[in-house]
Every structure is written in structure tokens, then in C-alpha cells.
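Participant: One structure, as C-alpha cells, below. Some questions next.
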Amino acid sequence: MAMRVVTTAAELLGAESLVEVSSAHIDGCLHHGDGGVEFAEALVDGGGRVAVPTTLNVGALDLLHPQVVRADAHKTDMARRQMEAYVAMGAQPTFTCAPYQVGHEPGVGEQVAWGESNAIAFVNSVLGARTERYGDFLDACCALTGRAPLHGLHLEENRKATVVIDATRVPEALKSRDVFYPVLGTWLGLQIGQEIPVIKGLPPTTTRDQLKALGAAAASSGSVALFHVAGVTPEAPTVEAAIGLGNRISPTSPPGWESRQVRSLPRTVVLDSGSLRSALRRLSTAGGSDRIDAVALGSPHFSTGEFRALHRCLRGRSLGVPFYVCTARDTLADVEDAGIADELRSSGVEIVADTCVVVTPILPARNGVLMTNSGKFAHYGPSNTGYDVLYGSLEDCVESAITGDVVRSGEVWAW
């Protein structure tokens with residue numbers, strides 16, 4: 001059955017063959033309706049087993065802290081059954097949208113079948129493996145068969161940059177700040193859509209967490225599944241390599257080669273203050289509010305490094321509004337071993353594992369204002385939770401949560 005689904009998808013996509021994949025990440029364990037449970041359990045009942053190492057995306061429950069989810073008994077039961085069905089197929093019970101943070105890291109050039117928009121962007125861009133956008137249930141079929149349609153971003157020729165984003169005019173002080181990257185990603189998704197950008201001018205010290213935030217926002221506000229950062233990501237040692245010119249350089253190239261190549265270069269878009277400020281404004285739907293009702297962090301799931309940064313910002317102070325941090329159970333185990341988790345909880349932090357606040361009811365059931373440092377939370381928060389959102393830095397979120405009064409440091413954007 002799984003192979004029929006994969007081959008039918010391949011025919012619809014115009015793929016001439018299938019490709020063998022070395023790993024999978026299944027988004028389909030998140031409960032959106034009872035049909036998803038029935039599909040997963042049909043695979044289990046038929047003896048289905050994953051053929052490749054497979055991780056699982058978030059579910060609709062925190063299985064470690066089930067009391068945090070405000071769902072009725074039927075939804076809770078069905079969500080649990082759906083999560084357990086994929087574990088029964090041999091998938092790892094990671095329940096995270098950031099499997100690359102818990103040891104699932106395919107190498108450059110590996111063919112994989114991953115679901116979940118930020119995970120797709122990260123594995124393609126930052127790790128340099130190759131996947132297309134696999135949605136619910138097709139991802140599971142790829143995992144069971146070890147095959148995927150050979151099309152799109154699985155193919156070398158479709159991974160070349162089609163637009164150059166020039167970030168050299170952005171102040172270095174801003175590019176060094178985490179708060180910049182969700183805004184850049186939001187702008188990228190809105191302006192670039194499904195094109196493949198190569199960004200030049202970002203520092204070589206750009207971190208994985210910053211790239212994670214960039215890709216998640218770009219995949220949420222647009223359809224970016226692959227981006228290159230010159231001098232940072234593996235397929236872009238240079239801008240020329242990312243757009244596919246590097247392999248054509250030869251001492252025997254005919255006269256006039258350079259001019260012909262210049263004419264064939266993709267367009268360049270120069271980042272300016274006005275563009276970024278527009279994207280920044282879009283991330284807040286409660287821009288005039290001077291009070292917040294909750295804070296939510298961790299979309300994509302918080303990393304160990306981000307927990308340490310939060311710990312430094314909070315410094316043992318007490319929070320005055322509900323403050324949620326979503327993460328993977330493996331990451332939670334790491335910060336618990338380090339003693340950080342208990343200190344954060346003592347300050348009022350509610351750590352959520354296996355799921356997040358925009359895919360299942362966790363926030364207090366009232367409308368209000370939610371503050372976040374996540375471009376993805378800011379994008380999906382209003383429609384999924386009913387809360388208006390304010391976007392700010394991690395530091396802004398902490399300082400605002402102490403009293404509930406909004407604190408935002410806007411001077412970093414003044415250029």
C-alpha cells in the first residue's frame with residue numbers, strides 16, 4: 001500500500017523514477033483528525049515497519065507532562081494512539097520538529113524524505129542533504145518503502161540558487177543578533193517565495209540556531225525549502241558555487257566566457273532598512289499593546305544552547321506571566337542533567353516537550369497578547385491560538401514577562 005502511494009505521487013509529480021533514501025522524518029504523527037489515526041493504525045495492522053532510520057515530528061500531546069494539554073478525552077486518546085502507532089512501526093519517539101538537534105543529521109548529498117517545513121529547510125540548507133517537501137502520510141510511506149519520487153530538490157540541477165540576496169549593507173551589529181534572523185527569514189519567504197536564494201554578507205560565525213530561525217520563518221511566511229548562505233552552508237562556499245558557475249570554470253573556456261556568464265547571473269536583491277522593518281512589523285499583530293498575557297518560545301524546538309541563553313537572561317528572577325518553552329524530550333533531558341531545567345522552573349518557566357503551543361491547546365483559553373522571539377510562532381500564533389502576537393528578542397521576552405509590561409529594544413533596527 002505504501003509503495004502504491006509513493007509511485008502514484010511520483011506519477012503525479014512527473015518523476016520518471018524513485019530514489020533510495022537513507023532516512024526519514026515523519027510529520028504525520030500530529031493529530032489533525034481521526035482519519036490520520038486510522039491510516040497509521042492500518043499501516044501497523046498490516047505489519048508495516050520503517051525501512052530506514054526515522055524520527056517523529058511533534059504530536060498533539062506532551063507525553064511526559066500530559067496535564068499541560070487542554071484537550072478533551074477523545075482528542076487526547078486519538079492523539080496518543082497516532083503517536084504510538086508510528087513508534088510501533090519502528091520510528092524513534094523523538095517527537096520534535098528539530099530532529100537535527102537530537103542526533104538525526106544526514107550528510108551532505110544524502111537523499112532523504114523529510115516532512116515538517118523547518119526541518120525540510122534545515123536538512124536541505126544547513127546539512128546539505130536532499131529532500132523535497134513531504135507532507136503528512138506520504139512521508140510515512142517513504143519511510144516504510146525507503147523510496148521517494150526522484151524530482152525537485154532531490155536533483156542537483158534544481159538546487160542551484162536562482163536569486164542573490166545582498167546583505168552586505170546590513171550593520172554587522174544587527175547581523176550578530178539572534179533577533180535579526182527570524183525577520184530576515186520572514187522577509188525572504190514573503191519576497192522570494194519558492195525561489196532558491198543565496199545570501200551573501202552574513203558573518204561566517206552565523207550559528208546553527210540562527211540558521212534554524214531563518215529557515216523556519218522563511219518556510220512559514222513563504223515556501224522556502226532550500227537557501228544558501230555564502231561561506232556558511234555546505235553547498236555555497238561562494239556565491240558562484242551556489243548558482244552553479246564554479247564547476248564550469250576551466251582554463252580552456254572560450255574567449256568571452258566571462259561576459260556570457262555575467263549575463264546569465266540571477267538577479268540580485270539588496271537588503272535595505274525599509275524592507276527589513278516592514279517584515280519586522282508584520283511579525284507583530286498587537287503592535288500598540290503595552291501589556292502581554294503570555295510568552296511562548298521554542299518553534300522550532302529550543303536547543304540546549306538556547307536554554308543556556310534563557311538561563312543567563314533570567315538570572316533566577318521570577319516571571320509574572322505564563323512563560324512556555326517548547327523542546328524535544330532529549331534536549332529536556334540534557335538541560336535537566338545540567339541543572340538548568342529546575343532553575344528555570346523555579347522562576348516560572350513551563351517546559352513543554354513532544355509538542356508546542358500552536359498545534360495543540362496549551363495556552364490559557366482566553367484571547368490575549370502572546371510575545372515570542374520565534375518567527376514561526378509569530379506567523380501561526382493568531383490563527384492557531386486566538387492570541388495576538390508581539391515579536392521581540394529573547395531578552396525582550398524575558399524582561400516583558402517579569403512584570404507583564406512590554407519591553408522592546410528597537411534601537412538595534414535603527415540604521
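Order determines the names: the first chain of the C-alpha cells is A, the second B, and so forth; residues in each chain are numbered 1 upward, and ligands are numbered 1 upward as they are shown.
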Skipping near chain neighbours, those fewer than 5 positions away, what residues fall within 9 Å of Ala167 (chain A) using only C-alpha atoms, listed as an MDAnalysis selection string?

Facilitator: chainID A and resid 199:202 269:272

Participant: Near Cys142 (chain A), counting only C-alpha atoms, which residues have an atom at most 8 Å away, once you skip same-chain residues fewer than 2 positions from it, shown as a list in words?

Facilitator: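 Contacts, with the query itself left out: Ala2, Met3, Val6, Ala24, Ala113, Leu138, Asp139, Ala140, Leu144, Thr145, Gly146, Arg147 and Ala148 of chain A.
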
Participant: Residues of region 126-230 of chain A classed as alpha helix (DSSP H) by DSSP on the backbone are to be reported as a ChimeraX atom specification.

Facilitator: /A:138-145,172-175,180-192,208-221

Participant: Need the shell around Leu56 (chain A): protein/DNA/RNA residues with any atom at most 12 Å away, counting only C-alpha atoms. Skip same-chain ones fewer than 3 positions apart. Format as an NGL selection string?

Facilitator: :A and (23-30 or 50 or 53 or 59 or 82-100 or 102 or 104 or 114-116 or 119 or 136 or 139-140 or 143 or 328-329 or 354-355)

Participant: Quick one: DSSP strand (DSSP E or B) residues in region 219-370 of chain A, as a short mmCIF file (atom, residue, chain, number, x, y, z; two decimals) with N, CA, C and O atoms, in the first residue's frame?

Facilitator:
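File produced: part18.cif:
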data_model
loop_
_atom_site.label_atom_id
_atom_site.label_comp_id
_atom_site.auth_asym_id
_atom_site.auth_seq_id
_atom_site.Cartn_x
_atom_site.Cartn_y
_atom_site.Cartn_z
N HIS A 228 20.80 29.09 0.50
CA HIS A 228 22.25 29.01 0.66
C HIS A 228 22.74 30.29 1.33
O HIS A 228 22.18 31.36 1.12
N VAL A 229 23.79 30.15 2.13
CA VAL A 229 24.46 31.32 2.71
C VAL A 229 25.93 31.21 2.34
O VAL A 229 26.62 30.26 2.74
N ARG A 267 19.21 37.44 -10.76
CA ARG A 267 19.03 38.80 -10.27
C ARG A 267 19.54 38.92 -8.84
O ARG A 267 19.59 37.94 -8.10
N THR A 268 19.88 40.14 -8.46
CA THR A 268 20.33 40.44 -7.11
C THR A 268 19.34 41.37 -6.43
O THR A 268 18.88 42.34 -7.03
N VAL A 269 19.01 41.06 -5.19
CA VAL A 269 18.14 41.91 -4.38
C VAL A 269 18.96 42.40 -3.20
O VAL A 269 19.53 41.60 -2.45
N VAL A 270 19.04 43.71 -3.05
CA VAL A 270 19.83 44.31 -1.96
C VAL A 270 18.92 44.55 -0.76
O VAL A 270 17.89 45.22 -0.86
N ARG A 291 0.92 45.68 27.19
CA ARG A 291 0.89 44.57 28.14
C ARG A 291 0.88 43.25 27.38
O ARG A 291 0.40 43.17 26.25
N ALA A 294 1.18 36.30 27.94
CA ALA A 294 1.96 35.06 27.96
C ALA A 294 3.16 35.23 27.04
O ALA A 294 3.19 36.13 26.19
N VAL A 295 4.14 34.36 27.24
CA VAL A 295 5.31 34.27 26.36
C VAL A 295 5.43 32.83 25.90
O VAL A 295 5.20 31.89 26.69
N ALA A 296 5.75 32.62 24.63
CA ALA A 296 6.00 31.28 24.11
C ALA A 296 7.27 31.29 23.27
O ALA A 296 7.41 32.12 22.36
N LEU A 297 8.17 30.40 23.57
CA LEU A 297 9.42 30.24 22.84
C LEU A 297 9.54 28.78 22.39
O LEU A 297 8.91 27.89 22.94
N GLY A 298 10.37 28.55 21.38
CA GLY A 298 10.66 27.17 21.01
C GLY A 298 9.93 26.66 19.80
O GLY A 298 9.42 25.54 19.78
N SER A 299 9.87 27.47 18.74
CA SER A 299 9.37 26.99 17.45
C SER A 299 10.30 27.50 16.36
O SER A 299 10.22 28.68 16.01
N PRO A 300 11.19 26.68 15.82
CA PRO A 300 11.41 25.27 16.14
C PRO A 300 11.84 25.06 17.60
O PRO A 300 12.24 26.00 18.28
N HIS A 301 11.79 23.81 18.03
CA HIS A 301 12.10 23.46 19.40
C HIS A 301 13.41 24.06 19.88
O HIS A 301 14.39 24.11 19.15
N PHE A 302 13.39 24.50 21.14
CA PHE A 302 14.56 25.09 21.78
C PHE A 302 15.71 24.10 21.79
O PHE A 302 15.53 22.90 22.05
N PHE A 323 4.84 31.49 30.94
CA PHE A 323 6.04 31.53 30.09
C PHE A 323 6.34 30.10 29.66
O PHE A 323 6.73 29.27 30.47
N TYR A 324 6.10 29.80 28.38
CA TYR A 324 6.22 28.44 27.86
C TYR A 324 7.45 28.31 26.97
O TYR A 324 7.70 29.16 26.12
N VAL A 325 8.18 27.22 27.16
CA VAL A 325 9.30 26.90 26.27
C VAL A 325 9.10 25.48 25.76
O VAL A 325 8.99 24.53 26.55
N CYS A 326 9.04 25.32 24.45
CA CYS A 326 8.78 24.03 23.82
C CYS A 326 10.09 23.43 23.35
O CYS A 326 10.93 24.12 22.77
N THR A 327 10.26 22.12 23.58
CA THR A 327 11.52 21.49 23.24
C THR A 327 11.33 19.99 23.03
O THR A 327 10.25 19.45 23.27
N VAL A 349 9.10 29.14 34.52
CA VAL A 349 9.08 28.65 33.15
C VAL A 349 8.37 27.30 33.09
O VAL A 349 8.67 26.40 33.88
N GLU A 350 7.42 27.17 32.17
CA GLU A 350 6.75 25.89 31.91
C GLU A 350 7.41 25.27 30.69
O GLU A 350 7.32 25.82 29.58
N ILE A 351 8.11 24.14 30.86
CA ILE A 351 8.78 23.47 29.75
C ILE A 351 7.85 22.42 29.17
O ILE A 351 7.37 21.53 29.89
N VAL A 352 7.59 22.54 27.88
CA VAL A 352 6.69 21.64 27.16
C VAL A 352 7.52 20.75 26.25
O VAL A 352 8.36 21.25 25.49
N ALA A 353 7.31 19.45 26.30
CA ALA A 353 8.02 18.50 25.42
C ALA A 353 7.02 17.84 24.47
O ALA A 353 5.81 17.87 24.69
N VAL A 369 -2.51 38.68 24.45
CA VAL A 369 -1.32 39.03 23.68
C VAL A 369 -0.19 38.08 24.07
O VAL A 369 0.14 37.94 25.25
N LEU A 370 0.35 37.42 23.07
CA LEU A 370 1.44 36.46 23.24
C LEU A 370 2.72 37.07 22.69
O LEU A 370 2.75 37.55 21.56
#

Participant: Quick one: everything within 12 Å of Gly288 (chain A), counting only C-alpha atoms, minus sequence neighbours fewer than 4 positions away in the same chain. Send it as a PyMOL selection string.

Facilitator: chain A and resi 281+284+292+369+388-390+406

Participant: Which one is closest to Thr233 (chain A): A:Ala73, A:Val58, A:Ala338, A:Val108? Count only C-alpha atoms.

Facilitator: A:Val108

Participant: For each of A:Tyr181, A:Tyr380, A:Phe307, A:Trp187, take the minimum atom-to-atom distance to Gly392 (chain A), counting only C-alpha atoms, then give the residue where this is smallest.

Facilitator: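 The answer is A:Tyr181, which sits nearest to Gly392 (chain A).
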
Participant: So that I can check the surroundings of Glu38 (chain A), please list as a list in words every protein, DNA and RNA residue that reaches within 10 Å of it, counting only C-alpha atoms and ignoring chain neighbours fewer than 4 positions away.

Facilitator: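 Near Glu38 (chain A), the qualifying residues are Gly33, Asp34, Ala42, Leu43, Val44, Met78, Arg81, Gln82 and Ala85 of chain A.
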
Participant: Mind checking which residues fall within 9 Å of Ala230 (chain A), counting only C-alpha atoms, ignoring those fewer than 5 positions away in the same chain, and posting them as a PyMOL selection string?

Facilitator: chain A and resi 198-202+204+235-242

Participant: Would you mind reading off the distance between CA of Glu399 (chain A) and CA of Val179 (chain A), one decimal, in Å?

Facilitator: 14.8 Å

Participant: One decimal, Å: what's the distance from CA of Leu283 (chain A) over to CA of Ala161 (chain A), could you say?

Facilitator: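 We find that CA of Leu283 (chain A) and CA of Ala161 (chain A) lie 26.5 Å from each other.
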
Participant: Which of these, A:Ser289, A:Arg4, A:Phe180, A:Thr162, has the shortest distance to Arg277 (chain A) once you count only C-alpha atoms?

Facilitator: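 Nearest to Arg277 (chain A): A:Phe180.
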
Participant: Return the single residue from A:Phe227, A:Gln101, A:Leu394, A:Gly381 that is closest to Asp330 (chain A), with distances computed using only C-alpha atoms.

Facilitator: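 For Asp330 (chain A), the nearest of the given residues is A:Gln101.
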